[in-house]
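Notes to accompany the following structure.
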Amino acid sequence: MTRVPQHIAIIMDGNGRWATERNKPRSYGHQAGVETVRRITSECVRLGVKYLTLYTFSTENWNRPSDEIAALMGLVLTSLEDEIFMKNNVRFRVIGDIARLPLEVQQKLHETEQHTAGNDAMTMVVALSYSARWEITQAMRDIIVSHQAEGSEPIRQEDITEELVNSHMQTRFMPDPDLLIRTGGELRISNYLLWQIAYSELYFCDTYWPDFSEQDLHKAIESFQSRQRRFGKTEKQVENENK
């Protein structure tokens, strides 16, 4: 497969509805979703994707029933196994308001990041206790704090540039997503990577995340490959550049 997106971001939606349709508790759907993560991770590595960012738990998800949150936190602990990362030479990183997570989850995330730091086939980024509005707000605060720490004059309007803002985003270590996939049939972004997906190609499908297969991933990539990414330029300009 040629012209594979270097960075794919996924909103893994539909776990709860998948379980409900099978008369199972919602946690059953989240468990099934972990198996899909393993399969899609392996396939992304095989295809040559360099970054895979997964929307795992949003800041809004803290409003869910406490038993479901507890089950999700437990699932984070049990699913961060070395096999999925070491077998595929995948580095693990996490973005989000990690301080809100249980201490044992924070420790497990930190250990996994450290243990996989040398892997270089692909980087899997988990967005956990994350929302785009939180990230952008935090970036603004960090800019002010870092400026004050340097003992400089109050920050000026002209000092605020895209490059400065981007340097304070949690995703500053990786390129913006080329392709954003949302499963589960919903047609919205749900507060995910709003700064970073300004020029991402969007792909929505009805398939619930537990049923999302390697073939479904291929369809999303093929849709991406059929599009011309112009970034504000004309179609003719892009064609001339590609000659």
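Lettering and numbering for the structure tokens are positional, with chains as A, B, ... in the shown order, residues counted from 1 in each chain, and ligands counted from 1 in the shown order.
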
I'd like the contact shell of A:Ala117 - 9 Å cut-off, only C-alpha atoms, skipping same-chain residues fewer than 4 positions apart - returned as an mmCIF file with N, CA, C and O atoms, in the first residue's frame.
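Output below, filename part10.cif:
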data_model
loop_
_atom_site.group_PDB
_atom_site.id
_atom_site.type_symbol
_atom_site.label_atom_id
_atom_site.label_comp_id
_atom_site.auth_asym_id
_atom_site.auth_seq_id
_atom_site.Cartn_x
_atom_site.Cartn_y
_atom_site.Cartn_z
ATOM 1 N N VAL A 90 6.920 -0.851 19.287
ATOM 2 C CA VAL A 90 6.104 0.362 19.383
ATOM 3 C C VAL A 90 6.435 1.129 20.664
ATOM 4 O O VAL A 90 6.497 0.548 21.752
ATOM 5 N N ARG A 91 6.635 2.420 20.505
ATOM 6 C CA ARG A 91 6.823 3.284 21.654
ATOM 7 C C ARG A 91 5.468 3.760 22.162
ATOM 8 O O ARG A 91 4.575 4.069 21.361
ATOM 9 N N PHE A 92 5.315 3.824 23.472
ATOM 10 C CA PHE A 92 4.066 4.271 24.088
ATOM 11 C C PHE A 92 4.249 5.661 24.679
ATOM 12 O O PHE A 92 5.237 5.940 25.352
ATOM 13 N N ARG A 93 3.278 6.543 24.401
ATOM 14 C CA ARG A 93 3.242 7.860 25.024
ATOM 15 C C ARG A 93 1.801 8.196 25.375
ATOM 16 O O ARG A 93 0.861 7.643 24.788
ATOM 17 N N THR A 112 5.385 2.334 31.520
ATOM 18 C CA THR A 112 5.277 1.874 30.138
ATOM 19 C C THR A 112 5.971 2.832 29.192
ATOM 20 O O THR A 112 6.637 2.421 28.236
ATOM 21 N N GLU A 113 5.826 4.131 29.447
ATOM 22 C CA GLU A 113 6.539 5.126 28.627
ATOM 23 C C GLU A 113 8.052 4.911 28.716
ATOM 24 O O GLU A 113 8.754 4.947 27.693
#

Pull the closest atom pair for each residue of stretch 86-181 of chain A that gets at most 10 Å from stretch 28-50 of chain A, along with the distance in Å to one decimal, counting only C-alpha atoms, ordering rows by chain and then ascending residue number, as a tab-separated table.
residue	atom	partner	partner_atom	distance
A:Lys87	CA	A:Ser42	CA	8.9
A:Asn88	CA	A:Ser42	CA	6.4
A:Asn89	CA	A:Val45	CA	8.5
A:Val90	CA	A:Val45	CA	8.0
A:Asp120	CA	A:Lys50	CA	8.6
A:Ala121	CA	A:Val45	CA	6.6
A:Met122	CA	A:Lys50	CA	4.5
A:Thr123	CA	A:Lys50	CA	6.2
A:Met124	CA	A:Thr41	CA	7.9
A:Met174	CA	A:Lys50	CA	9.5
A:Pro175	CA	A:Lys50	CA	9.8

Exercise. Write down as a count of residues only the residues of stretch 30-136 of chain A whose backbone DSSP state falls under helix (DSSP H, G or I).
Key: 63

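Restricting the calculation to only C-alpha atoms, the smallest distance between A:Thr116 and any of A:Ile84, A:Ala99, A:Trp62, A:Ala132 is found for A:Ile84.
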
Exercise. Please identify which residues in stretch 46-130 of chain A DSSP calls strand (DSSP E or B) from the backbone, and express them as an NGL selection string.
Key: :A and (51-58 or 90-95 or 122-130)

Exercise. Quick one: pull the distance between atom CA of A:Gln170 and atom CA of A:Glu104, Å, one decimal.
Key: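 These two atoms are separated by 21.8 Å.
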
Quiz item: For A:Leu180, which of A:Pro210, A:Gly16, A:Pro154, A:Pro5 is the closest residue, counting only C-alpha atoms?
Solution: A:Pro5

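Shortest atom-to-atom contact with A:Leu128 among A:Leu179, A:Ile189, A:Leu109, A:Val4: A:Leu109, counting only C-alpha atoms.
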
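Nearest to A:Ile8 of all the residues A:Gln196, A:Gln114, A:Ser190, A:Gln107 is A:Gln196, counting only C-alpha atoms.
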
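Shortest atom-to-atom contact with A:Met12 among A:Tyr130, A:Trp209, A:Phe224, A:Phe204: A:Trp209, counting only C-alpha atoms.
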
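One finds atom CA of A:Val125 at 5.3 Å from atom CA of A:Val94.
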
Practice problem: Please provide as number ranges by chain all residues within 8 Å of A:Ala139, with the sequence filter that same-chain residues fewer than 5 positions apart are discarded (counting only C-alpha atoms). | Solution: A: 165, 168-169

Selection to disk with N, CA and C atoms, as a compact mmCIF listing (two decimals), in the first residue's frame:
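What follows is the written file result-v6.txt:
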# COMPACT_ATOMS: atom_id res chain seq x y z
N VAL A 165 2.32 28.69 20.28
CA VAL A 165 1.21 27.88 20.81
C VAL A 165 1.49 26.40 20.61
N HIS A 168 3.70 24.55 22.99
CA HIS A 168 3.18 24.28 24.32
C HIS A 168 2.03 23.27 24.31
N MET A 169 1.70 22.74 23.14
CA MET A 169 0.67 21.71 23.07
C MET A 169 1.25 20.37 23.52

Quiz item: Could you name the residues that touch A:Arg229 at 9 Å or less, counting only C-alpha atoms, but leaving out those on the same chain fewer than 5 positions away, as a ChimeraX atom specification?
Solution: /A:199-201,235,238

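Computed from the coordinates, the atom CA of A:Ser66 to atom CA of A:Leu52 distance equals 28.6 Å.
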
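Take the candidates A:Thr56, A:Ser226, A:Asn191, A:Thr183 and check each one against A:Tyr203 using only C-alpha atoms; the shortest distance goes to A:Thr183.
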